[in-house]
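Q: For reference, the file my_file-v1.txt (compact mmCIF, C-alpha atoms) is included below:
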```txt
# COMPACT_ATOMS: atom_id res chain seq x y z
CA MET A 259 0.00 0.00 0.00
CA LEU A 260 1.02 3.63 -0.25
CA LYS A 261 3.36 4.97 2.38
CA LEU A 262 4.16 8.51 3.42
CA ASP A 263 7.40 9.01 5.35
CA ARG A 264 7.59 5.21 5.75
CA VAL A 265 4.18 5.12 7.46
CA ASP A 266 1.08 3.55 5.89
CA PHE A 267 -0.91 6.21 4.05
CA THR A 268 -3.59 3.85 2.77
CA CYS A 269 -4.82 0.39 3.68
CA GLY A 270 -6.59 -0.75 0.52
CA ARG A 271 -6.67 -0.40 -3.22
CA ALA A 272 -9.68 -0.72 -5.51
CA LEU A 273 -9.90 -0.79 -9.26
CA PHE A 274 -12.20 2.08 -10.15
CA LEU A 275 -14.34 2.36 -13.24
CA ASP A 276 -14.01 5.55 -15.20
CA SER A 277 -16.57 5.07 -17.88
CA LEU A 278 -19.52 2.86 -18.46
CA ARG A 279 -22.25 3.71 -20.89
CA GLU A 280 -24.89 2.98 -18.28
CA PHE A 281 -23.52 5.65 -15.97
CA ARG A 282 -24.59 8.22 -18.58
CA GLU A 283 -21.50 10.34 -18.02
CA PRO A 284 -19.88 11.85 -21.11
CA THR A 285 -16.36 11.96 -19.67
CA ALA A 286 -14.34 9.75 -17.37
CA LYS A 287 -15.26 9.91 -13.71
CA ILE A 288 -14.25 7.84 -10.70
CA PHE A 289 -16.75 5.15 -9.73
CA VAL A 290 -15.80 2.98 -6.76
CA LYS A 291 -17.61 0.01 -5.31
CA ILE A 292 -18.95 0.40 -1.77
CA CYS A 293 -21.18 -1.41 0.71
CA LEU A 294 -23.60 0.24 3.09
CA GLU A 295 -24.63 -0.49 6.65
CA GLY A 296 -22.38 -3.51 6.94
CA ARG A 297 -24.18 -5.39 4.15
CA ILE A 298 -20.96 -6.71 2.78
CA ASP A 299 -22.72 -9.36 0.64
CA SER A 300 -23.66 -6.79 -2.01
CA GLY A 301 -21.86 -3.78 -3.38
CA PHE A 302 -22.73 -1.01 -5.78
CA TYR A 303 -20.94 1.79 -7.56
CA ALA A 304 -20.81 5.38 -6.38
CA GLN A 305 -19.11 8.36 -7.98
CA VAL A 306 -16.33 10.04 -6.04
CA ASP A 307 -17.14 13.74 -6.18
CA THR A 308 -14.75 16.04 -4.34
CA GLY A 309 -16.75 19.02 -5.63
CA ALA A 310 -19.95 17.93 -3.88
CA ALA A 311 -20.49 19.02 -0.30
CA TRP A 312 -22.71 16.04 0.46
CA SER A 313 -22.96 12.39 -0.40
CA ALA A 314 -26.18 11.24 -2.02
CA LEU A 315 -27.85 7.86 -2.20
CA ASP A 316 -30.28 6.45 -4.72
CA PRO A 317 -33.70 6.43 -2.97
CA VAL A 318 -34.51 2.96 -4.35
CA LEU A 319 -31.40 1.54 -2.71
CA ALA A 320 -32.20 3.51 0.44
CA ARG A 321 -35.68 2.02 0.65
CA ASN A 322 -34.37 -1.49 -0.05
CA PHE A 323 -31.83 -1.07 2.73
CA GLY A 324 -34.58 0.05 5.10
CA LEU A 325 -33.07 3.51 5.45
CA LEU A 326 -36.08 5.63 4.59
CA GLY A 327 -37.60 5.24 8.02
CA MET A 328 -34.37 6.10 9.81
CA GLU A 329 -34.16 9.19 11.88
CA GLY A 330 -32.51 12.02 10.01
CA LEU A 331 -32.76 15.72 9.40
CA ARG A 332 -35.18 17.08 6.86
CA THR A 333 -33.51 19.62 4.63
CA GLN A 334 -33.32 20.86 1.07
CA LEU A 335 -30.17 20.96 -1.00
CA GLN A 336 -29.17 22.41 -4.33
CA THR A 337 -28.21 19.47 -6.52
CA HIS A 338 -27.43 18.60 -10.14
CA PHE A 339 -31.15 17.94 -10.46
CA GLY A 340 -32.37 21.21 -8.94
CA ILE A 341 -33.40 22.01 -5.38
CA LEU A 342 -34.56 18.78 -3.77
CA GLN A 343 -36.22 18.06 -0.45
CA GLY A 344 -34.78 15.14 1.43
CA THR A 345 -33.19 13.85 4.59
CA LEU A 346 -29.60 13.79 5.80
CA ILE A 347 -28.86 10.47 7.46
CA ARG A 348 -25.54 9.17 8.79
CA LEU A 349 -24.74 5.78 7.29
CA ARG A 350 -21.95 3.27 7.63
CA VAL A 351 -19.92 2.96 4.44
CA THR A 352 -17.34 0.35 3.46
CA PHE A 353 -14.83 1.02 0.71
CA LEU A 354 -14.12 -2.36 -0.88
CA ALA A 355 -10.52 -3.30 -1.54
CA LYS A 356 -9.34 -5.54 -4.34
CA GLU A 357 -5.97 -5.54 -2.63
CA GLY A 358 -5.19 -4.79 0.99
CA LEU A 359 -7.97 -4.18 3.48
CA HIS A 360 -11.45 -2.69 3.29
CA LEU A 361 -12.12 0.60 5.03
CA ASP A 362 -15.13 1.21 7.29
CA THR A 363 -16.32 4.73 7.88
CA SER A 364 -19.55 6.67 8.25
CA ALA A 365 -20.94 9.71 6.53
CA PRO A 366 -24.09 11.78 6.19
CA PHE A 367 -25.98 10.90 3.01
CA PHE A 368 -28.70 12.98 1.43
CA ILE A 369 -31.67 10.83 0.49
CA SER A 370 -34.45 12.35 -1.57
CA PRO A 371 -37.39 10.54 -3.16
CA ASP A 372 -36.93 12.82 -6.17
CA TRP A 373 -33.33 11.77 -6.81
CA PRO A 374 -33.02 9.69 -10.02
CA PRO A 375 -32.30 5.97 -9.55
CA GLY A 376 -28.87 4.50 -10.15
CA ARG A 377 -26.87 7.54 -9.08
CA ASN A 378 -24.83 7.56 -5.91
CA PHE A 379 -22.28 10.18 -4.97
CA LEU A 380 -19.53 10.23 -2.37
CA GLY A 381 -19.12 13.87 -1.45
CA TYR A 382 -16.52 15.75 0.49
CA SER A 383 -18.12 16.76 3.79
CA GLY A 384 -17.95 14.13 6.45
CA LEU A 385 -16.79 11.42 4.04
CA LEU A 386 -13.88 12.21 1.74
CA ASP A 387 -12.61 14.82 4.19
CA SER A 388 -12.41 12.11 6.86
CA ILE A 389 -10.32 9.54 5.02
CA ARG A 390 -7.09 9.44 3.04
CA PHE A 391 -7.31 8.70 -0.63
CA ALA A 392 -5.19 8.83 -3.75
CA VAL A 393 -5.84 8.16 -7.42
CA ASP A 394 -3.65 6.57 -10.06
CA ALA A 395 -5.61 7.62 -13.13
CA GLN A 396 -3.32 5.73 -15.51
CA ALA A 397 -3.94 2.40 -13.80
CA ASN A 398 -7.49 3.13 -12.53
CA HIS A 399 -6.38 2.53 -8.98
CA PHE A 400 -8.19 4.18 -6.09
CA TYR A 401 -6.25 3.98 -2.82
CA PHE A 402 -7.92 4.61 0.52
CA GLY A 403 -7.06 4.55 4.20
CA PRO A 404 -8.32 5.71 7.56
CA GLY A 405 -8.02 9.40 8.42
CA VAL A 406 -5.75 10.50 11.22
CA MET B 229 -25.39 15.39 -28.20
CA ALA B 230 -24.71 12.16 -29.98
CA LYS B 231 -25.61 14.08 -33.15
CA ALA B 232 -21.94 14.90 -33.67
CA LEU B 233 -20.90 11.25 -33.93
CA ARG B 234 -24.10 9.85 -35.39
CA LYS B 235 -24.22 9.71 -39.16
CA PRO B 236 -27.46 11.42 -40.12
CA GLN B 237 -29.69 10.02 -42.83
CA GLU B 238 -28.76 12.90 -45.08
CA GLU B 239 -25.15 13.73 -45.92
CA GLU B 240 -23.25 15.27 -42.96
CA THR B 241 -22.73 18.87 -43.97
CA ARG B 242 -20.93 20.14 -40.90
CA SER B 243 -17.16 20.23 -40.85
CA TYR B 244 -15.12 18.05 -38.54
CA VAL B 245 -14.22 21.14 -36.51
CA GLU B 246 -17.87 22.03 -35.97
CA ARG B 247 -18.68 18.48 -34.91
CA ILE B 248 -15.67 18.37 -32.57
CA ARG B 249 -16.70 21.65 -30.98
CA ASP B 250 -20.22 20.31 -30.58
CA LEU B 251 -18.87 17.29 -28.66
CA VAL B 252 -16.52 19.36 -26.52
CA GLU B 253 -19.33 21.74 -25.56
CA PHE B 254 -21.26 18.77 -24.15
CA ASP B 255 -18.19 17.36 -22.32
CA TYR B 256 -17.89 14.35 -24.64
CA VAL B 257 -14.11 14.52 -24.62
CA PRO B 258 -13.28 10.90 -25.60
CA ALA B 259 -15.69 11.12 -28.55
CA ALA B 260 -14.15 14.43 -29.59
CA ARG B 261 -10.70 12.82 -29.48
CA ARG B 262 -11.92 9.97 -31.70
CA LEU B 263 -13.34 12.46 -34.17
CA VAL B 264 -10.04 14.40 -34.24
CA ALA B 265 -8.19 11.15 -34.96
CA GLU B 266 -10.66 10.30 -37.71
CA ALA B 267 -10.29 13.76 -39.27
CA VAL B 268 -6.51 13.55 -39.23
CA GLN B 269 -6.68 10.07 -40.74
CA GLN B 270 -8.89 11.49 -43.50
CA GLY B 271 -6.14 13.97 -44.32
CA GLU B 272 -7.83 17.04 -42.82
CA HIS B 273 -5.26 19.44 -41.46
CA ASP B 274 -6.65 22.93 -41.31
CA GLU B 275 -5.44 25.17 -38.54
CA ALA B 276 -8.52 24.86 -36.33
CA LEU B 277 -8.32 21.09 -36.46
CA LEU B 278 -4.65 21.13 -35.49
CA HIS B 279 -5.59 23.44 -32.63
CA TRP B 280 -8.18 20.93 -31.39
CA GLN B 281 -5.59 18.18 -31.76
CA ARG B 282 -3.24 20.11 -29.45
CA VAL B 283 -5.99 20.94 -26.97
CA LEU B 284 -7.34 17.41 -26.79
CA GLY B 285 -3.98 15.63 -26.86
CA PRO B 286 -2.79 13.78 -23.78
CA ALA B 287 -0.75 15.75 -21.27
CA LYS B 288 2.98 15.77 -21.91
CA LYS B 289 4.93 13.85 -19.33
CA SER B 290 7.48 15.98 -17.54
CA LEU B 291 10.97 15.03 -18.58
CA GLU B 292 12.60 15.36 -15.20
CA PRO B 293 11.28 15.83 -11.70
CA SER B 294 12.00 19.30 -10.41
CA ASP B 295 13.81 19.99 -7.15
CA GLU B 296 11.98 23.29 -6.80
CA ARG B 297 9.64 23.32 -3.83
CA GLU B 298 6.57 25.49 -3.39
CA PRO B 299 7.30 27.93 -0.55
CA ASP B 300 5.29 27.87 2.66
CA ARG B 301 2.23 29.96 1.77
CA THR B 302 0.97 30.42 5.32
CA PRO B 303 1.62 34.23 5.28
CA GLU B 304 -0.27 34.61 1.98
CA PHE B 305 -3.24 32.54 3.24
CA ASP B 306 -3.28 34.54 6.49
CA TRP B 307 -3.39 37.73 4.42
CA LEU B 308 -6.27 36.35 2.35
CA ARG B 309 -8.25 35.47 5.46
CA ALA B 310 -7.68 38.92 6.97
CA HIS B 311 -8.08 41.14 3.91
CA GLY B 312 -9.50 39.05 1.08
CA ARG B 313 -13.05 40.33 1.53
CA TYR B 314 -11.96 43.84 0.52
CA TYR B 315 -10.72 42.63 -2.87
CA ARG B 316 -13.65 40.53 -4.08
CA GLY B 317 -13.82 40.21 -7.84
CA GLU B 318 -10.11 41.07 -8.16
CA TRP B 319 -6.85 39.30 -8.87
CA VAL B 320 -4.27 39.75 -6.13
CA ALA B 321 -0.53 39.00 -6.17
CA LEU B 322 0.80 38.19 -2.73
CA ALA B 323 4.18 37.58 -1.16
CA GLU B 324 5.19 36.76 2.39
CA ASN B 325 5.08 40.42 3.38
CA GLY B 326 1.64 41.14 1.92
CA LEU B 327 -0.06 42.51 -1.15
CA LEU B 328 2.11 43.23 -4.19
CA ALA B 329 -0.53 44.18 -6.75
CA HIS B 330 -4.26 43.88 -7.39
CA SER B 331 -6.65 44.53 -10.26
CA ARG B 332 -9.75 43.16 -11.90
CA ASP B 333 -7.55 42.51 -14.93
CA VAL B 334 -4.96 39.78 -14.40
CA ARG B 335 -2.74 41.30 -17.11
CA GLU B 336 -2.44 44.51 -15.10
CA VAL B 337 -1.32 42.50 -12.09
CA GLU B 338 1.23 40.62 -14.18
CA SER B 339 2.67 43.80 -15.64
CA ALA B 340 2.85 45.37 -12.14
CA LEU B 341 4.83 42.35 -10.99
CA GLU B 342 7.36 42.86 -13.76
CA ALA B 343 8.38 46.14 -12.11
CA ILE B 344 8.92 44.56 -8.70
CA ARG B 345 12.07 42.75 -7.62
CA LEU B 346 10.76 39.46 -6.22
CA THR B 347 12.49 37.29 -3.68
CA ARG B 348 10.21 34.36 -4.31
CA ARG B 349 7.39 33.37 -6.65
CA PRO B 350 4.26 35.39 -5.74
CA LEU B 351 0.90 33.78 -5.16
CA LEU B 352 -1.52 34.92 -7.86
CA HIS B 353 -5.10 34.45 -6.73
CA PHE B 354 -8.58 35.48 -7.89
CA ILE B 355 -10.92 36.40 -5.07
CA ALA B 356 -14.39 35.39 -6.14
CA PRO B 357 -17.19 37.93 -5.84
CA PRO B 358 -19.94 37.22 -3.28
CA TYR B 359 -21.44 33.79 -3.85
CA THR B 360 -24.36 33.93 -6.24
CA ASP B 361 -27.37 31.70 -6.24
CA LEU B 362 -27.06 29.44 -9.30
CA TYR B 363 -30.75 29.57 -10.00
CA THR B 364 -31.79 33.14 -9.26
CA GLU B 365 -28.40 34.79 -9.90
CA GLN B 366 -29.07 36.82 -6.76
CA PRO B 367 -26.37 37.14 -4.11
CA MET B 368 -27.06 34.53 -1.47
CA ALA B 369 -27.46 35.40 2.17
CA THR B 370 -24.44 33.28 2.85
CA ARG B 371 -23.28 35.01 5.95
CA ARG B 372 -26.73 35.77 7.32
CA ALA B 373 -26.82 32.54 9.27
CA LEU B 374 -23.50 33.27 10.96
CA ARG B 375 -24.28 36.92 11.58
CA LYS B 376 -26.44 37.73 14.54
CA PRO B 377 -29.38 39.89 13.47
CA ASP B 378 -30.55 42.39 16.02
CA PRO B 379 -32.36 40.88 17.84
CA ASP B 380 -31.70 37.31 16.67
CA THR B 381 -35.01 35.56 16.59
CA ARG B 382 -33.94 32.41 14.80
CA SER B 383 -32.85 29.33 16.68
CA TYR B 384 -29.40 27.83 16.28
CA ALA B 385 -30.99 24.85 14.52
CA GLU B 386 -32.60 27.12 11.94
CA ARG B 387 -29.34 28.95 11.29
CA ILE B 388 -27.42 25.67 11.01
CA ARG B 389 -29.97 24.34 8.53
CA GLU B 390 -29.62 27.49 6.44
CA LEU B 391 -25.86 27.04 6.26
CA VAL B 392 -26.18 23.34 5.43
CA GLU B 393 -28.64 24.11 2.63
CA GLN B 394 -26.06 26.46 1.13
CA ASP B 395 -23.25 23.89 1.51
CA TYR B 396 -21.46 25.96 4.18
CA VAL B 397 -20.56 22.87 6.13
CA GLY B 398 -17.61 24.45 7.95
CA GLY B 399 -19.80 27.37 9.05
CA ALA B 400 -22.53 24.97 10.19
CA ARG B 401 -20.02 23.02 12.28
CA LYS B 402 -18.73 26.24 13.90
CA LEU B 403 -22.24 27.39 14.75
CA LEU B 404 -23.09 23.97 16.15
CA ALA B 405 -20.00 24.07 18.35
CA GLU B 406 -21.04 27.53 19.59
CA ALA B 407 -24.57 26.28 20.34
CA LEU B 408 -23.28 23.26 22.23
CA GLU B 409 -20.87 25.41 24.23
CA ILE B 410 -23.72 27.65 25.37
CA GLY B 411 -25.44 24.50 26.63
CA ALA B 412 -28.93 23.00 26.80
CA PRO B 413 -28.86 21.40 23.37
CA ASP B 414 -32.33 20.54 22.12
CA GLU B 415 -33.15 17.37 20.24
CA GLU B 416 -32.69 18.91 16.80
CA LEU B 417 -29.24 20.23 17.71
CA LEU B 418 -28.24 16.76 18.84
CA LYS B 419 -29.37 15.43 15.44
CA TRP B 420 -27.23 18.03 13.71
CA GLN B 421 -24.36 17.03 15.95
CA ARG B 422 -24.67 13.42 14.72
CA VAL B 423 -24.95 14.45 11.07
CA LEU B 424 -22.14 17.00 11.09
CA ALA B 425 -19.69 15.07 13.25
CA PRO B 426 -16.45 14.13 11.51
CA ALA B 427 -16.40 10.47 10.55
CA VAL B 428 -14.27 7.93 12.31
CA SER B 429 -12.71 5.53 9.83
CA LYS B 430 -11.02 2.24 10.56
CA ILE B 431 -9.78 -0.83 8.79
CA SER B 432 -12.61 -3.29 8.24
CA SER B 433 -12.61 -6.66 9.96
CA ASN B 434 -14.10 -8.27 6.84
CA LYS B 435 -11.34 -9.91 4.83
CA GLU B 436 -13.20 -11.03 1.67
CA LEU B 437 -11.44 -9.04 -1.03
CA ASP B 438 -13.41 -7.53 -3.86
CA SER B 439 -13.36 -9.41 -7.15
CA ASP B 440 -12.17 -8.12 -10.50
CA PRO B 441 -14.89 -5.70 -11.71
CA MET B 442 -14.22 -6.27 -15.40
CA PRO B 443 -16.35 -9.42 -15.94
CA ASP B 444 -19.38 -7.55 -14.52
CA VAL B 445 -18.56 -4.46 -16.58
CA ASN B 446 -18.26 -6.56 -19.72
CA TRP B 447 -21.62 -8.21 -18.99
CA ILE B 448 -23.23 -4.76 -18.65
CA ARG B 449 -21.63 -3.64 -21.91
CA GLN B 450 -22.80 -6.72 -23.78
CA HIS B 451 -26.27 -7.20 -22.31
CA GLY B 452 -27.14 -3.86 -20.73
CA LYS B 453 -29.39 -2.74 -23.57
CA SER B 454 -31.75 -5.66 -22.94
CA TYR B 455 -32.12 -4.73 -19.27
CA CYS B 456 -32.82 -0.98 -19.47
CA GLY B 457 -34.84 0.19 -16.49
CA GLN B 458 -33.92 -2.91 -14.49
CA TRP B 459 -31.82 -3.74 -11.48
CA VAL B 460 -29.34 -6.54 -12.03
CA ALA B 461 -27.35 -8.63 -9.57
CA LEU B 462 -24.08 -9.79 -11.09
CA LEU B 463 -21.44 -12.15 -9.82
CA GLU B 464 -18.18 -12.49 -11.69
CA GLY B 465 -19.76 -11.64 -15.03
CA LYS B 466 -22.87 -13.81 -14.56
CA LEU B 467 -26.41 -12.57 -14.11
CA ILE B 468 -27.86 -13.82 -10.83
CA ALA B 469 -31.14 -11.88 -10.83
CA SER B 470 -32.85 -9.03 -12.63
CA SER B 471 -36.05 -7.08 -12.20
CA PRO B 472 -37.39 -3.54 -12.44
CA SER B 473 -37.88 -3.93 -8.69
CA LEU B 474 -34.76 -3.94 -6.51
CA ASP B 475 -36.82 -5.59 -3.76
CA GLU B 476 -37.44 -8.57 -6.07
CA VAL B 477 -33.74 -8.85 -6.87
CA THR B 478 -32.67 -8.77 -3.22
CA SER B 479 -35.46 -11.15 -2.24
CA HIS B 480 -34.14 -13.62 -4.85
CA LEU B 481 -30.66 -13.23 -3.37
CA LYS B 482 -31.98 -13.91 0.13
CA LYS B 483 -33.68 -17.11 -1.06
CA ASN B 484 -30.68 -18.20 -3.12
CA PRO B 485 -27.58 -16.80 -1.43
CA PRO B 486 -24.78 -16.75 -3.98
CA GLY B 487 -22.13 -17.12 -1.29
CA ARG B 488 -20.03 -14.29 -2.68
CA ARG B 489 -20.46 -10.55 -2.88
CA VAL B 490 -22.70 -9.50 -5.79
CA LEU B 491 -22.83 -6.23 -7.66
CA LEU B 492 -26.19 -4.46 -7.57
CA HIS B 493 -26.53 -2.15 -10.52
CA TYR B 494 -29.36 -0.15 -12.08
CA ILE B 495 -29.28 0.00 -15.86
CA ASP B 496 -30.57 3.41 -16.88
```
Written as structure tokens, that's how I'd like the structure from this file.
A:
Amino acid sequence: MLKLDRVDFTCGRALFLDSLREFREPTAKIFVKICLEGRIDSGFYAQVDTGAAWSALDPVLARNFGLLGMEGLRTQLQTHFGILQGTLIRLRVTFLAKEGLHLDTSAPFFISPDWPPGRNFLGYSGLLDSIRFAVDAQANHFYFGPGV
Amino acid sequence: MAKALRKPQEEETRSYVERIRDLVEFDYVPAARRLVAEAVQQGEHDEALLHWQRVLGPAKKSLEPSDEREPDRTPEFDWLRAHGRYYRGEWVALAENGLLAHSRDVREVESALEAIRLTRRPLLHFIAPPYTDLYTEQPMATRRALRKPDPDTRSYAERIRELVEQDYVGGARKLLAEALEIGAPDEELLKWQRVLAPAVSKISSNKELDSDPMPDVNWIRQHGKSYCGQWVALLEGKLIASSPSLDEVTSHLKKNPPGRRVLLHYID
């Protein structure tokens, strides 16, 4: 794994996807596979978005995971899809490693019934700002590790 | 968008350059690169096309790593925090001892720098004008939530929500800390505390490594069109379950556990 001053900087490495027709993104992005709420038996892709303040979860996945009834904070956020009403809920997230070790963390996710299905975002506040990560865009490697 | 790559029924009348620009304007960079390559292969070499070729070409690898280090910019950032608000909408050039030049026109700043003997590379920075609402183009009341109106009638929770809704997460955290310091947190403040708390991350105890994603990706590429609007569960390039309802897919997985981690994916 990556080291900084001879100390581990990351614990795991995933192979990220940068383009897939079904993601409906015109240019390469970074899609990593994650699990939610400890349900390690199934994973799904989410886009790493350092420009987004908040993480967002597909409402269909949220309902399937039994998250819609969870206690959260009602709020409205400006999103790619306009101003949406929804709830901010803290969820457990696992970054899945193809090499090394998985990383468990938690982050507030915005869940809105009006959010289009199949789109999940990992935003900066409370998630990416709490871990260490690095990208090797040539090899499609996404490195991650616990924050300090 | 796809118009630029699609061959229309009638003869394509637009030039390669127009079609490339069309793709670039919609962020379809890989497609634009393919079209540039096609144009060059067809023997097109007008100036605009060569310009697009340069713009869309891969970045040049640096020949040698440089020993030059960026200086410690703490004095410049301190200056920006203290004085930046007075120079909104302007370019500023800063050095360790303060402001060197400022103007709305970056070229004026650059020419002012030419007349100054510099001891180190200055920090050239554009200070954005007050944040503008993307939808109404009206200046947002960004600081209103942090400012105390006279008298302040809104609760801390209301002010925190306002900051959160405008993505001022740092400001919301500061206000929350202030509210908690004053004491008597109500239930909503405690909820904000949970949501805004920094995450604790740790190495997972689960040791089952993730599989190679490419077999699943290849399955989606080959068969995705037949499953539009459906959720699919894939395991190492094989379809385990599919349905427009994710509940049906996960219920199938519960009844027939595949024993390995599956990919759940919605095909748009």
Q: Residues at most 12 Å from range 393-405 of chain A, counting all atoms listed in the file, excluding those fewer than 3 positions away in the same chain, as an MDAnalysis selection string?
A: (chainID A and resid 259:262 265:277 286:291 305:306 352:364 384:390) or (chainID B and resid 286:287 426:432 441:442)
Q: Between B:Leu463, B:Leu474, B:Val320, B:Val397, which is the closest to Gly381 in chain A once you count all atoms listed in the file?
A: B:Val397
Q: Tell me, in Å to one decimal, how far CA of Leu437 in chain B is from CA of Ala392 in chain A.
A: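 Separation of CA of Leu437 in chain B and CA of Ala392 in chain A: 19.1 Å.
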Q: Taking all atoms listed in the file into account, name the residue in B:Ile248, B:Ala385, B:Leu481, B:Leu308 that is nearest to Leu284 in chain B.
A: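 Of the candidates, the smallest distance to Leu284 in chain B is held by B:Ile248.
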Q: I'd like to know which of B:His480, B:Lys419, B:Lys288, B:Lys466 is closest to chain A, using all atoms listed in the file.
A: B:Lys419
Q: What's the separation between CA of Leu417 in chain B and CA of Tyr382 in chain A, in Å to one decimal place?
A: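 These atoms are spaced 21.9 Å apart.
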Q: Which is closest to chain A among B:Val334, B:Ala276, B:Ala343, B:Val257, if we use only C-alpha atoms?
A: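 Closest candidate: B:Val257.
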Q: Could you pull the residues within 8 Å of Asp333 in chain B, counting only C-alpha atoms, minus those fewer than 4 positions along the same chain, as a list of chain:residue names?
A: B:Glu318, B:Trp319, B:Val337
Q: Could you write out that same residue set with C-alpha atoms as a short mmCIF file (atom, residue, chain, number, x, y, z; two decimals), in the frame of the given file?
A:
```
data_model
loop_
_atom_site.label_atom_id
_atom_site.label_comp_id
_atom_site.auth_asym_id
_atom_site.auth_seq_id
_atom_site.Cartn_x
_atom_site.Cartn_y
_atom_site.Cartn_z
CA GLU B 318 -10.11 41.07 -8.16
CA TRP B 319 -6.85 39.30 -8.87
CA VAL B 337 -1.32 42.50 -12.09
#
```
Q: So what do you get for CA of Leu491 in chain B versus CA of Leu319 in chain A, distance-wise?
A: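 Here the two named atoms are 12.6 Å from each other.
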Q: Counting all atoms listed in the file, figure out which residue out of B:Arg335, B:Arg389, B:Arg382, B:Arg297 gets nearest to chain A.
A: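 Looking only at the distances to chain A, the closest residue turns out to be B:Arg389.
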Q: Choose the residue, out of A:Asp263, A:Asp372, A:Ser300, A:Thr308, that has the smallest atom-to-atom separation from chain B; count all atoms listed in the file.
A: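 Looking at the shortest contact to chain B, the residue is A:Ser300.
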Q: Please complete range 329-340 of chain A with N, CA and C atoms and give it back as a PDB file, in the frame of the given file.
A:
```
ATOM      1  N   GLU A 329     -34.092   7.808  11.415  1.00  0.00           N
ATOM      2  CA  GLU A 329     -34.160   9.190  11.880  1.00  0.00           C
ATOM      3  C   GLU A 329     -33.075  10.027  11.184  1.00  0.00           C
ATOM      4  N   GLY A 330     -33.471  11.137  10.665  1.00  0.00           N
ATOM      5  CA  GLY A 330     -32.510  12.020  10.010  1.00  0.00           C
ATOM      6  C   GLY A 330     -32.997  13.441  10.115  1.00  0.00           C
ATOM      7  N   LEU A 331     -32.369  14.312   9.376  1.00  0.00           N
ATOM      8  CA  LEU A 331     -32.760  15.720   9.400  1.00  0.00           C
ATOM      9  C   LEU A 331     -33.331  16.129   8.062  1.00  0.00           C
ATOM     10  N   ARG A 332     -34.551  16.604   8.099  1.00  0.00           N
ATOM     11  CA  ARG A 332     -35.180  17.080   6.860  1.00  0.00           C
ATOM     12  C   ARG A 332     -34.479  18.358   6.421  1.00  0.00           C
ATOM     13  N   THR A 333     -34.156  18.415   5.137  1.00  0.00           N
ATOM     14  CA  THR A 333     -33.510  19.620   4.630  1.00  0.00           C
ATOM     15  C   THR A 333     -33.710  19.686   3.117  1.00  0.00           C
ATOM     16  N   GLN A 334     -33.293  20.776   2.536  1.00  0.00           N
ATOM     17  CA  GLN A 334     -33.320  20.860   1.070  1.00  0.00           C
ATOM     18  C   GLN A 334     -31.935  21.263   0.600  1.00  0.00           C
ATOM     19  N   LEU A 335     -31.501  20.653  -0.493  1.00  0.00           N
ATOM     20  CA  LEU A 335     -30.170  20.960  -1.000  1.00  0.00           C
ATOM     21  C   LEU A 335     -30.241  21.286  -2.479  1.00  0.00           C
ATOM     22  N   GLN A 336     -29.306  22.135  -2.897  1.00  0.00           N
ATOM     23  CA  GLN A 336     -29.170  22.410  -4.330  1.00  0.00           C
ATOM     24  C   GLN A 336     -28.344  21.277  -4.927  1.00  0.00           C
ATOM     25  N   THR A 337     -28.876  20.632  -5.941  1.00  0.00           N
ATOM     26  CA  THR A 337     -28.210  19.470  -6.520  1.00  0.00           C
ATOM     27  C   THR A 337     -28.117  19.621  -8.028  1.00  0.00           C
ATOM     28  N   HIS A 338     -27.470  18.629  -8.669  1.00  0.00           N
ATOM     29  CA  HIS A 338     -27.430  18.600 -10.140  1.00  0.00           C
ATOM     30  C   HIS A 338     -28.843  18.609 -10.725  1.00  0.00           C
ATOM     31  N   PHE A 339     -29.797  18.120  -9.945  1.00  0.00           N
ATOM     32  CA  PHE A 339     -31.150  17.940 -10.460  1.00  0.00           C
ATOM     33  C   PHE A 339     -32.106  18.996  -9.909  1.00  0.00           C
ATOM     34  N   GLY A 340     -31.548  20.122  -9.463  1.00  0.00           N
ATOM     35  CA  GLY A 340     -32.370  21.210  -8.940  1.00  0.00           C
ATOM     36  C   GLY A 340     -32.408  21.155  -7.415  1.00  0.00           C
TER      37      GLY A 340
END
```
